[in-house]
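Report on one structure; see the data block that follows.
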Amino acid sequence: MTDKQRTISKPVTLKGRGLHSGENAEVTIMPAPENHGYVFKRTDLPEQPTIRAIADNVVTTARGTTLEEKKARVSTVEHLLASLYALGIDNAMLEINGPEVPIIDGSAIKFVEAIKSVGTVEQEAERKYFQIKEKMVFRDEQKGLEITGYPDDTFSVDVHIGFDSKLLDNQFARLSNFEDFETQIAPCRTFVFLHEVELLLKNNLIKGGDLDNAIVLIDRKIEQEELDRLAELFNKPKIHVKPEGILNNIDLYFNNEPARHKLLDVIGDLALVGVRLKGKIIANKPGHYINTEFAKMLRKHIKIELSKPNPPEYDENKTPVYDVNEIMKRLPHRPPFLLVDKITFLDEWAVCGIKNVTMNEAFFVGHYPDEPIMPGVLQIESMAQVGGILLLSFVPDPENYVLYFMKIENVRFKQKVVPGDTLNIRMVLKEPVRRGIALTYGQGFVGNKLVIECEFMAQLSKKPGL
């Protein structure tokens, strides 16, 4: 059976304080259309900007993963994203009225319970996967950090952690089936050493932290006077250190709860790849930095795969993403200069479209009467229009925007295009759009043959007068 995409069945809202900002926030998980992915919407900011949950948008990984797009930020996203990913949700709009996802109890269980309370629905589009086909490694030699991906037909994660502390020397955790996520991983809370708490407080962080949303590990001798000061700081009547070296705020759910929480973070950060993964992930001393760097590496491999000269799949019997009427709602072009007939695929970094070449094209009158050939400049224009659909998908009101060519490079014509041909075009973003400037790479196929390839630079601008 075909594996289909899923979204949440109806909105569900969670409330709480941000761990570091201390600000109260509400996050509402909303249904989203096919190929939408995970997108945050800052409803508290003017124009309610959106932030795509992809590794390209990671700007900092200090004590959590922070995303930024078009100067809008959202932080501590990993527990929510892990819950969506583990529960099989591919598409969700995440409306939030503050800068940070609520920490709640420091785990993912409340997000899981909220999602399960409303359920999910299957969509028509097929689910997207990236299958690891060879060993892939990202490591930090200085810190001894490493994540390795191995080929496998399913997704699993092994985590090894170790600290220079007798209290938390070496731990191991594994998840090989998402059916176990709710009971074995989601309840596991974030942990912190006491000396880290003190440093974070000095740096004006963990404003929303308390003894209900973190396991505090005591790895040194501490006097009761200092414990009393901590009790006052965290608004607790009395605290003491348990024999196993943790504060008496909470009991551990598992002996290896810290390792299980690190596994939770790995899943949340790898959700930023943007597609589901097939492969065995082994993480040694993982953290948000190395997790997200590995996710970026995977995304680069995906883009390379998309850029290989293999024609996009095209099924004439399948309903297109956009037909010509939908295309004209987005592009300003009109016949005879509308040179794309269908959009067959669209996600956050690639688009595919079809141009049916017929003898009725006006340019064949003069190019050439005895040997009709589609002009190369019009092949490029057709590719640019397909790419325009991708770039215009980044704004909520594409009818108010227009695209301008800035540069065309490395154009190669491999074979002539003639009446009767179907030009099958794929356009891929080479890097994230910055300040309206986009770099794309395009390929055009007729059948299985690559007939044209080209690199573009374009600017996305509001129409004059708006």
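Starting from 1 in every chain, residues are counted up; chains themselves are A, B, ... following the order of the structure tokens, and ligands are numbered from 1 as listed.
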Using only C-alpha atoms, which residues of segment 349-463 of chain A come within 10 Å of segment 281-301 of chain A, and what is the closest atom pair for each, with the distance in Å to one decimal? Give it as a tab-separated table, sorted by chain and residue number.
```
residue	atom	partner	partner_atom	distance
A:Trp349	CA	A:Arg299	CA	9.9
A:Lys430	CA	A:Lys300	CA	9.1
A:Glu431	CA	A:Lys300	CA	9.4
```
Write the residues of the preceding selection, restricted to C-alpha atoms, as an mmCIF file, in the first residue's frame.
```cif
data_model
loop_
_atom_site.group_PDB
_atom_site.id
_atom_site.type_symbol
_atom_site.label_atom_id
_atom_site.label_comp_id
_atom_site.auth_asym_id
_atom_site.auth_seq_id
_atom_site.Cartn_x
_atom_site.Cartn_y
_atom_site.Cartn_z
ATOM 1 C CA TRP A 349 12.976 23.538 -2.311
ATOM 2 C CA LYS A 430 20.551 26.101 -4.515
ATOM 3 C CA GLU A 431 20.344 27.872 -1.157
#
```
As a PyMOL selection string, which residues of segment 250-317 of chain A does DSSP assign to alpha helix (DSSP H)? chain A and resi 257-270+288-307
Residue among A:Glu305, A:Glu69, A:Asp315, A:Glu126 lying closest to Asn57 of chain A, counting only C-alpha atoms: A:Glu69
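Proximity to Asp105 of chain A was assessed for A:Asp421, A:Ala214, A:Leu439, A:Pro336 counting only C-alpha atoms; the smallest distance is recorded for A:Ala214.
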Which residues come within 12 Å of Glu361 of chain A, counting only C-alpha atoms, excluding same-chain residues fewer than 5 positions away, as a PyMOL selection string? chain A and resi 335-339+355-356+366-368+372-375+378+418-420
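Going from atom CA of Ile327 of chain A to atom CA of Gly37 of chain A covers 21.4 Å.
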Atom CA of Arg6 of chain A to atom CA of Pro396 of chain A, straight-line distance in Å: 22.5 Å
Would you kindly return, as a PyMOL selection string, each protein, DNA or RNA residue with an atom no farther than 8 Å from any atom of Leu390 of chain A, considering only C-alpha atoms and excluding same-chain residues fewer than 2 positions away? chain A and resi 346-351+386-388+392-394
Could you write those residues out with C-alpha atoms, as a compact mmCIF listing (two decimals), in the first residue's frame?
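Saved file out_38.txt follows:
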```txt
# COMPACT_ATOMS: atom_id res chain seq x y z
CA LEU A 346 5.98 21.51 -5.45
CA ASP A 347 7.68 21.57 -2.05
CA GLU A 348 9.89 24.00 -0.14
CA TRP A 349 12.98 23.54 -2.31
CA ALA A 350 11.87 22.10 -5.70
CA VAL A 351 9.18 22.45 -8.34
CA VAL A 386 8.29 27.13 -13.50
CA GLY A 387 10.88 28.39 -11.00
CA GLY A 388 8.72 31.46 -10.40
CA LEU A 392 6.11 32.85 -5.27
CA SER A 393 5.03 30.03 -2.95
CA PHE A 394 7.11 31.71 -0.21
```
Need the shell around Asn310 of chain A: protein/DNA/RNA residues with any atom at most 10 Å away, counting only C-alpha atoms. Skip same-chain ones fewer than 5 positions apart. Format as a VMD selection string? chain A and resid 305 426 443 to 445 448 to 450
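Each of A:Gln184, A:Thr154, A:Asn400, A:Gln48 was checked against Gly279 of chain A using only C-alpha atoms; the smallest atom-to-atom distance is that of A:Thr154.
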Ranking A:Lys318, A:Lys329, A:Lys280, A:Lys463 by minimum distance to Gln131 of chain A and counting only C-alpha atoms, which one comes first? A:Lys280
Extract, using only C-alpha atoms, all DNA, RNA and protein residues at most 10 Å from Lys407 of chain A, discarding same-chain residues fewer than 2 positions from it, and format them as a PDB file with C-alpha atoms, in the first residue's frame.
```pdb
ATOM      1  CA  TYR A 404      12.994  39.794 -12.221  1.00  0.00           C
ATOM      2  CA  PHE A 405      15.956  38.054 -13.845  1.00  0.00           C
ATOM      3  CA  GLU A 409      24.760  31.216 -16.001  1.00  0.00           C
ATOM      4  CA  LEU A 439      19.566  31.095  -6.722  1.00  0.00           C
ATOM      5  CA  GLU A 455      21.487  28.358 -13.286  1.00  0.00           C
ATOM      6  CA  PHE A 456      19.368  31.385 -12.445  1.00  0.00           C
ATOM      7  CA  MET A 457      19.465  34.333 -10.093  1.00  0.00           C
ATOM      8  CA  ALA A 458      16.172  36.159  -9.631  1.00  0.00           C
ATOM      9  CA  GLN A 459      14.682  38.793  -7.349  1.00  0.00           C
TER      10      GLN A 459
END
```
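Take the candidates A:Ile132, A:Ala114, A:Ile96, A:Val402 and check each one against Lys278 of chain A using only C-alpha atoms; the shortest distance goes to A:Ile132.
Between atom CA of Arg435 of chain A and atom CA of Val321 of chain A the separation is 26.9 Å.
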Excluding Val101 of chain A and its own-chain neighbours fewer than 3 positions away, which residues fall within 8 Å of it when counting only C-alpha atoms? Please give them as a PDB file with N, CA and C atoms, in the first residue's frame.
```pdb
ATOM      1  N   ARG A  17       5.011  28.693  29.512  1.00  0.00           N
ATOM      2  CA  ARG A  17       6.079  29.691  29.478  1.00  0.00           C
ATOM      3  C   ARG A  17       7.241  29.164  28.658  1.00  0.00           C
ATOM      4  N   GLY A  18       7.938  30.079  28.003  1.00  0.00           N
ATOM      5  CA  GLY A  18       9.163  29.725  27.322  1.00  0.00           C
ATOM      6  C   GLY A  18      10.268  29.495  28.330  1.00  0.00           C
ATOM      7  N   ALA A  25       3.143  31.871  26.249  1.00  0.00           N
ATOM      8  CA  ALA A  25       2.832  31.720  24.827  1.00  0.00           C
ATOM      9  C   ALA A  25       1.816  30.611  24.633  1.00  0.00           C
ATOM     10  N   GLU A  26       1.069  30.729  23.552  1.00  0.00           N
ATOM     11  CA  GLU A  26       0.158  29.685  23.106  1.00  0.00           C
ATOM     12  C   GLU A  26       0.632  29.204  21.741  1.00  0.00           C
ATOM     13  N   VAL A  27       0.679  27.907  21.565  1.00  0.00           N
ATOM     14  CA  VAL A  27       0.986  27.350  20.250  1.00  0.00           C
ATOM     15  C   VAL A  27      -0.192  26.477  19.835  1.00  0.00           C
ATOM     16  N   VAL A  74      11.732  31.830  16.139  1.00  0.00           N
ATOM     17  CA  VAL A  74      11.014  31.002  17.111  1.00  0.00           C
ATOM     18  C   VAL A  74      12.040  30.017  17.661  1.00  0.00           C
ATOM     19  N   SER A  75      12.012  29.809  18.969  1.00  0.00           N
ATOM     20  CA  SER A  75      13.038  28.990  19.603  1.00  0.00           C
ATOM     21  C   SER A  75      12.447  27.833  20.400  1.00  0.00           C
ATOM     22  N   THR A  76      13.327  26.922  20.798  1.00  0.00           N
ATOM     23  CA  THR A  76      12.991  25.719  21.568  1.00  0.00           C
ATOM     24  C   THR A  76      11.890  24.927  20.859  1.00  0.00           C
ATOM     25  N   VAL A  77      12.165  24.614  19.585  1.00  0.00           N
ATOM     26  CA  VAL A  77      11.161  23.967  18.731  1.00  0.00           C
ATOM     27  C   VAL A  77      11.238  22.452  18.773  1.00  0.00           C
ATOM     28  N   LEU A  80       8.309  19.877  20.245  1.00  0.00           N
ATOM     29  CA  LEU A  80       7.098  19.899  19.423  1.00  0.00           C
ATOM     30  C   LEU A  80       7.334  19.181  18.101  1.00  0.00           C
ATOM     31  N   ILE A  96       1.898  30.512  16.734  1.00  0.00           N
ATOM     32  CA  ILE A  96       2.423  30.792  18.064  1.00  0.00           C
ATOM     33  C   ILE A  96       2.435  32.298  18.293  1.00  0.00           C
ATOM     34  N   GLY A  98       4.245  34.031  20.511  1.00  0.00           N
ATOM     35  CA  GLY A  98       5.421  34.459  21.253  1.00  0.00           C
ATOM     36  C   GLY A  98       6.682  33.939  20.599  1.00  0.00           C
TER      37      GLY A  98
END
```
Counting only C-alpha atoms, the option among A:Ala53, A:Tyr85, A:His79, A:Lys70 closest to Ile437 of chain A: A:Lys70
